[in-house]
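Peer 1: The file below is start10.txt, compact mmCIF, C-alpha atoms:
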# COMPACT_ATOMS: atom_id res chain seq x y z
CA MET A 30 34.72 -25.56 -3.66
CA PRO A 31 34.85 -21.87 -2.56
CA TYR A 32 33.26 -20.96 0.78
CA ASN A 33 29.67 -19.81 0.40
CA PRO A 34 27.38 -19.49 3.46
CA PHE A 35 24.43 -18.95 1.10
CA SER A 36 24.84 -22.35 -0.55
CA LEU A 37 21.87 -24.73 -0.55
CA THR A 38 23.89 -27.78 -1.54
CA GLU A 39 22.57 -30.99 0.05
CA LYS A 40 19.37 -29.22 1.14
CA LYS A 41 15.99 -30.55 0.03
CA ILE A 42 13.40 -27.79 -0.29
CA LEU A 43 9.67 -27.75 -1.01
CA ILE A 44 8.38 -24.75 -2.94
CA THR A 45 4.64 -24.18 -3.40
CA GLY A 46 3.23 -21.89 -6.08
CA ALA A 47 6.25 -22.76 -8.23
CA SER A 48 4.44 -22.52 -11.56
CA ALA A 49 4.79 -18.73 -11.94
CA GLY A 50 6.09 -15.46 -10.57
CA ILE A 51 8.09 -15.41 -7.35
CA GLY A 52 7.62 -19.15 -6.79
CA GLN A 53 9.00 -19.98 -10.20
CA ALA A 54 11.96 -17.62 -9.83
CA THR A 55 12.68 -18.99 -6.35
CA ALA A 56 12.73 -22.57 -7.64
CA ILE A 57 15.13 -21.71 -10.45
CA GLU A 58 17.47 -19.66 -8.24
CA CYS A 59 17.47 -22.30 -5.48
CA SER A 60 18.46 -24.94 -8.01
CA LYS A 61 21.39 -22.74 -9.07
CA MET A 62 22.47 -22.67 -5.41
CA GLY A 63 22.60 -26.46 -5.29
CA ALA A 64 19.24 -27.33 -3.70
CA THR A 65 17.28 -30.47 -4.54
CA LEU A 66 13.69 -29.35 -5.02
CA VAL A 67 10.15 -30.55 -4.69
CA ILE A 68 8.04 -28.06 -6.62
CA THR A 69 4.27 -27.96 -6.69
CA GLY A 70 1.53 -25.96 -8.36
CA ARG A 71 -1.90 -26.31 -9.93
CA ASN A 72 -1.02 -25.56 -13.56
CA GLU A 73 0.72 -28.58 -15.08
CA GLU A 74 1.95 -26.80 -18.21
CA ARG A 75 3.53 -23.91 -16.30
CA LEU A 76 4.96 -26.22 -13.64
CA ASN A 77 6.62 -28.24 -16.40
CA GLU A 78 8.20 -25.01 -17.67
CA THR A 79 9.64 -24.35 -14.23
CA PHE A 80 10.86 -27.93 -13.90
CA SER A 81 12.64 -27.81 -17.26
CA SER A 82 14.46 -24.63 -16.15
CA LEU A 83 15.92 -26.14 -12.99
CA GLU A 84 19.65 -26.80 -12.77
CA GLY A 85 21.01 -29.98 -11.27
CA SER A 86 19.24 -33.32 -10.84
CA GLY A 87 17.02 -35.23 -8.44
CA HIS A 88 14.22 -32.68 -8.49
CA GLN A 89 10.56 -33.67 -8.16
CA LYS A 90 7.39 -31.99 -9.44
CA ILE A 91 3.93 -32.64 -8.02
CA ILE A 92 0.73 -31.24 -9.51
CA ALA A 93 -1.48 -30.36 -6.55
CA ASP A 94 -4.29 -27.97 -5.74
CA LEU A 95 -3.66 -27.08 -2.10
CA LEU A 96 -7.32 -26.10 -1.72
CA GLU A 97 -8.09 -29.82 -1.89
CA LEU A 98 -7.22 -31.46 1.42
CA GLN A 99 -6.71 -34.90 -0.12
CA LYS A 100 -4.19 -33.52 -2.63
CA MET A 101 -2.40 -31.72 0.17
CA GLU A 102 -2.22 -34.86 2.28
CA GLU A 103 -0.92 -36.84 -0.71
CA LEU A 104 1.76 -34.19 -1.25
CA VAL A 105 2.89 -34.42 2.38
CA GLN A 106 2.99 -38.23 2.31
CA SER A 107 5.07 -38.23 -0.88
CA ILE A 108 7.86 -36.30 0.87
CA SER A 109 10.42 -38.09 3.02
CA SER A 110 12.12 -35.17 4.76
CA LEU A 111 12.86 -31.50 4.12
CA ASP A 112 15.52 -28.94 5.00
CA GLY A 113 13.38 -26.04 3.86
CA VAL A 114 9.88 -24.98 2.84
CA VAL A 115 8.90 -21.92 0.79
CA LEU A 116 5.17 -21.22 1.10
CA CYS A 117 4.56 -19.15 -2.01
CA SER A 118 1.01 -19.97 -3.10
CA GLY A 119 -1.06 -16.81 -3.20
CA LEU A 120 -3.89 -14.91 -4.80
CA GLY A 121 -4.39 -11.17 -5.18
CA MET A 122 -7.55 -9.10 -5.22
CA VAL A 123 -8.43 -5.42 -5.51
CA CYS A 124 -11.89 -4.78 -4.12
CA PRO A 125 -13.34 -1.71 -2.36
CA PHE A 126 -14.38 -2.60 1.17
CA VAL A 127 -18.06 -1.90 0.48
CA PHE A 128 -17.98 -4.82 -1.99
CA ALA A 129 -15.85 -7.06 0.23
CA THR A 130 -18.33 -9.89 0.66
CA ARG A 131 -17.78 -12.98 2.80
CA GLU A 132 -17.45 -15.02 -0.40
CA LYS A 133 -14.52 -12.86 -1.53
CA PHE A 134 -12.90 -13.03 1.91
CA ASN A 135 -13.23 -16.82 1.85
CA ARG A 136 -11.66 -17.06 -1.61
CA ILE A 137 -8.57 -15.06 -0.63
CA PHE A 138 -8.15 -16.49 2.87
CA ASP A 139 -8.56 -20.08 1.67
CA THR A 140 -5.65 -19.62 -0.75
CA ASN A 141 -3.40 -17.16 1.06
CA PHE A 142 -3.86 -18.29 4.65
CA PHE A 143 -5.80 -21.45 5.45
CA SER A 144 -4.23 -23.78 2.87
CA THR A 145 -0.75 -22.43 3.68
CA ALA A 146 -1.21 -22.85 7.43
CA GLU A 147 -2.67 -26.34 7.01
CA LEU A 148 0.19 -27.49 4.80
CA LEU A 149 2.76 -26.34 7.34
CA ARG A 150 0.78 -27.98 10.16
CA LEU A 151 0.72 -31.30 8.32
CA LEU A 152 4.44 -31.11 7.53
CA VAL A 153 5.24 -30.52 11.21
CA LYS A 154 2.75 -33.08 12.49
CA ASN A 155 4.14 -35.75 10.16
CA LYS A 156 7.73 -34.88 11.13
CA LYS A 157 8.75 -33.97 7.59
CA LEU A 158 10.88 -31.00 8.66
CA LEU A 159 14.39 -31.89 9.76
CA LYS A 160 16.16 -30.32 12.74
CA GLU A 161 17.55 -26.88 11.82
CA SER A 162 15.26 -26.63 8.79
CA SER A 163 13.89 -23.30 7.60
CA VAL A 164 10.33 -22.23 6.74
CA VAL A 165 9.77 -19.12 4.64
CA PHE A 166 6.34 -17.57 4.17
CA VAL A 167 6.08 -15.37 1.07
CA SER A 168 3.93 -12.53 2.35
CA SER A 169 3.75 -8.84 1.39
CA ILE A 170 4.30 -5.35 2.75
CA GLY A 171 0.50 -5.15 2.55
CA GLY A 172 -0.90 -5.91 5.98
CA VAL A 173 2.52 -5.65 7.62
CA CYS A 174 3.93 -2.23 6.70
CA THR A 175 1.33 -0.59 4.46
CA TYR A 176 -2.41 -0.64 3.91
CA THR A 177 -3.84 0.30 0.52
CA PRO A 178 -7.39 1.36 -0.43
CA GLY A 179 -9.15 -1.46 -2.27
CA LYS A 180 -6.93 -4.17 -0.75
CA SER A 181 -8.61 -4.73 2.60
CA ILE A 182 -9.18 -8.45 1.91
CA TYR A 183 -5.68 -9.10 0.58
CA ASP A 184 -3.98 -7.04 3.30
CA ALA A 185 -5.99 -8.84 6.01
CA SER A 186 -4.84 -12.22 4.67
CA LYS A 187 -1.22 -11.07 4.77
CA SER A 188 -1.66 -9.74 8.31
CA ALA A 189 -2.85 -13.23 9.25
CA ILE A 190 0.25 -14.76 7.63
CA HIS A 191 2.45 -12.30 9.55
CA SER A 192 0.88 -13.34 12.86
CA MET A 193 1.11 -17.04 11.96
CA MET A 194 4.79 -16.68 11.11
CA LYS A 195 5.55 -15.09 14.49
CA SER A 196 3.59 -17.71 16.41
CA CYS A 197 5.16 -20.62 14.49
CA ALA A 198 8.64 -19.19 15.09
CA ILE A 199 7.97 -19.37 18.83
CA GLU A 200 6.35 -22.81 18.83
CA LEU A 201 8.82 -24.49 16.48
CA ALA A 202 11.99 -23.03 18.01
CA PRO A 203 12.32 -25.98 20.47
CA LYS A 204 12.43 -28.25 17.39
CA LYS A 205 15.25 -26.07 15.97
CA ILE A 206 13.01 -25.08 13.05
CA ARG A 207 13.32 -21.46 11.98
CA VAL A 208 10.30 -19.57 10.60
CA ASN A 209 10.53 -16.25 8.76
CA SER A 210 8.83 -14.36 5.96
CA VAL A 211 9.74 -12.18 3.00
CA ASN A 212 7.51 -9.19 2.43
CA PRO A 213 7.85 -7.74 -1.06
CA GLY A 214 6.51 -4.52 -2.43
CA MET A 215 5.12 -4.61 -5.95
CA VAL A 216 6.91 -7.17 -8.10
CA GLU A 217 6.68 -7.57 -11.87
CA THR A 218 4.70 -10.80 -12.10
CA PRO A 219 1.61 -11.86 -14.09
CA LEU A 220 -0.37 -11.54 -10.85
CA ILE A 221 -0.28 -7.74 -10.77
CA ARG A 222 -1.45 -7.45 -14.39
CA ARG A 223 -4.77 -9.19 -13.77
CA GLY A 224 -6.46 -6.08 -12.38
CA THR A 225 -7.86 -2.95 -14.00
CA LEU A 226 -4.88 -0.58 -13.76
CA THR A 227 -3.45 0.91 -16.95
CA GLU A 228 0.25 0.97 -17.82
CA GLU A 229 0.28 4.70 -17.05
CA GLN A 230 -1.13 4.02 -13.59
CA PHE A 231 1.53 1.36 -12.98
CA GLN A 232 4.28 3.78 -13.99
CA LYS A 233 2.89 6.47 -11.71
CA ASP A 234 2.76 4.03 -8.81
CA ALA A 235 6.34 2.87 -9.44
CA GLU A 236 7.49 6.47 -8.99
CA LYS A 237 6.56 6.18 -5.30
CA TYR A 238 9.44 3.74 -4.82
CA LEU A 239 12.82 5.23 -3.91
CA LEU A 240 14.43 3.15 -6.67
CA LYS A 241 11.72 4.23 -9.15
CA ARG A 242 10.71 0.75 -10.23
CA TYR A 243 8.98 -2.41 -9.12
CA GLY A 244 10.98 -5.43 -8.05
CA LYS A 245 11.94 -8.45 -10.11
CA PRO A 246 10.93 -11.98 -9.01
CA GLU A 247 14.55 -13.10 -8.72
CA GLU A 248 15.29 -10.19 -6.35
CA ILE A 249 12.74 -11.63 -3.93
CA ALA A 250 14.17 -15.12 -4.51
CA TYR A 251 17.59 -13.93 -3.31
CA GLY A 252 16.05 -12.91 0.03
CA ILE A 253 14.36 -16.29 0.31
CA ILE A 254 17.66 -18.04 -0.38
CA TYR A 255 19.24 -16.08 2.46
CA LEU A 256 16.53 -17.27 4.87
CA LEU A 257 16.89 -20.88 3.67
CA SER A 258 20.67 -20.90 3.95
CA GLU A 259 23.09 -21.22 6.85
CA ALA A 260 23.81 -17.50 6.48
CA SER A 261 20.60 -16.84 8.43
CA ALA A 262 21.10 -19.57 11.05
CA TRP A 263 20.44 -17.07 13.88
CA VAL A 264 17.37 -15.48 12.27
CA THR A 265 13.83 -16.53 13.16
CA GLY A 266 10.51 -14.76 13.62
CA HIS A 267 11.66 -12.04 11.23
CA ALA A 268 9.68 -10.31 8.48
CA LEU A 269 12.22 -9.39 5.80
CA VAL A 270 10.97 -6.39 3.80
CA ILE A 271 12.16 -6.19 0.18
CA ASP A 272 10.42 -3.20 -1.32
CA GLY A 273 12.69 -0.81 -3.20
CA GLY A 274 12.37 1.65 -0.34
CA VAL A 275 8.65 2.38 -0.68
CA THR A 276 7.93 1.94 3.05
CA VAL A 277 10.65 4.42 4.01
CA ILE A 278 8.52 7.32 2.81
What would you get if you wrote out this structure as C-alpha cells?
Peer 2:
Amino acid sequence: MPYNPFSLTEKKILITGASAGIGQATAIECSKMGATLVITGRNEERLNETFSSLEGSGHQKIIADLLELQKMEELVQSISSLDGVVLCSGLGMVCPFVFATREKFNRIFDTNFFSTAELLRLLVKNKKLLKESSVVFVSSIGGVCTYTPGKSIYDASKSAIHSMMKSCAIELAPKKIRVNSVNPGMVETPLIRRGTLTEEQFQKDAEKYLLKRYGKPEEIAYGIIYLLSEASAWVTGHALVIDGGVTVI
C-alpha cells in the first residue's frame, strides 16, 4: 500500500449531522479514505442515502435527535471507542438583531452549541475517545473572522463553538486528544437556500470571494480529513479557515 499520511484506515469516526451537506460529504469522503464510520442524523431517509453512498464495510447508522438528551445518551452508550469525532450538526438563521428574541437565540444555541458541547462532554466522560484521537468542530468564519448583518444569533453561536474548541484543546491535551475546528465560508448546501436571498443576490455575494465562487461540501471534508488524520498529529487548538479567500479582503 502506498504511503499516505492522510489515510483513515483502521480509524473509527463518529460524524453527526451526516444526513446532508458538509456532514454527508465528510462521511462519504472519510469512507473513501478507509475510515469505519458511525453516522447519525435526525432524518432517516436522508441518512439512509448517506449510508448507501459509503465505501467499505462495518459502518453504523444511528437515527438520533441530539436535542433529546435520552437519544444522545443512547448514542454514546452504543459506541465502544472512537479515533475521531466530527461535530457537524448545525442550524442557520438570518434575523435582524431587533427581531433576535430569546426564543430564536435558544433555538440556534441549542442546536449549534449546547447539544454539540454536551455530546462531546458525554463522550469524554464515558471514555469513548481513544488516546491520540481527534475532535473536529464544524464551525464557520462567522463569529471567528467575519460578522454579517442579520446573523448576530448564528455568529454568536459560532463564537461560542470557537471558544469551546480552544478550551477543550487545553483540557484534553493531557489525554492526548486533539481538538480543532474547520471554519468554512459560504458552501453550496441546502442550508443556505432556506433563506430569502435570490439567485442574483447569491451570485453577487459570491463575487466577494477571491476565487469568485462558494465552496463545495467535499472541499470542506478534505480539511476535516486532514485534522482527523496523522498528517495533523501536531495540530490542536487550531481554527482552520476554508473560505475561498473571502476573509483576506
Peer 1: Taking 6 positions as the minimum chain separation for residues in the same chain, which residues sit within 9 Å of range 85-94 of chain A when counting only C-alpha atoms? Answer as a PyMOL selection string.
Peer 2: chain A and resi 41+60-61+63-73+76-77+100-101+103-104
Peer 1: With distances taken over all atoms listed in the file, which of A:Glu58, A:Leu116, A:Thr140, A:Arg75 is nearest to Glu97 in chain A?
Peer 2: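 Of A:Glu58, A:Leu116, A:Thr140, A:Arg75, the one nearest Glu97 in chain A, counting all atoms listed in the file, is A:Thr140.
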Peer 1: Find the nearest atom pair between each residue of range 36-100 of chain A and range 251-268 of chain A for residues within 7 Å, count all atoms listed in the file, give distances in Å to one decimal, sort rows by chain and ascending number, and present the table as JSON lines.
Peer 2:
{"residue": "A:Ser36", "atom": "CA", "partner": "A:Ser258", "partner_atom": "CA", "distance": 6.3}
{"residue": "A:Leu37", "atom": "CA", "partner": "A:Ser258", "partner_atom": "CA", "distance": 6.0}
{"residue": "A:Cys59", "atom": "CA", "partner": "A:Ile254", "partner_atom": "CA", "distance": 6.6}
Peer 1: Between A:Ile206, A:Met194, A:Leu43, A:Leu95, single out the one closest to Lys160 in chain A, counting all atoms listed in the file.
Peer 2: A:Ile206
Peer 1: Taking into account all atoms listed in the file, which residue in the set A:Met215, A:Ile182, A:Ala235, A:Glu161 is nearest to Leu201 in chain A?
Peer 2: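 When distances to Leu201 in chain A are compared using all atoms listed in the file, the smallest one comes from A:Glu161.
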Peer 1: Which residues are near Phe166 in chain A? Cut-off 7 Å, all atoms listed in the file, ignore same chain within fewer than 6 positions. Put them as a ChimeraX atom specification.
Peer 2: /A:115-117,209-211
Peer 1: Of the candidates A:Pro246, A:Pro178, A:Pro213, A:Gly172, which one gets nearest to Ile57 in chain A if we count only C-alpha atoms?
Peer 2: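 Checking each of A:Pro246, A:Pro178, A:Pro213, A:Gly172 against Ile57 in chain A, counting only C-alpha atoms, the winner is A:Pro246.
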Peer 1: Scan for residues within 9 Å of the point (5.3, -19.9, -6.1) in the coordinates of the file, using only C-alpha atoms, and reply as a PyMOL selection string.
Peer 2: chain A and resi 44-56+68-70+115-119+167
Peer 1: For the atom pair CA of Tyr183 in chain A and CA of Arg150 in chain A, what is the interatomic distance in Å to one decimal place?
Peer 2: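 Atom-to-atom, CA of Tyr183 in chain A to CA of Arg150 in chain A, that is 22.1 Å.
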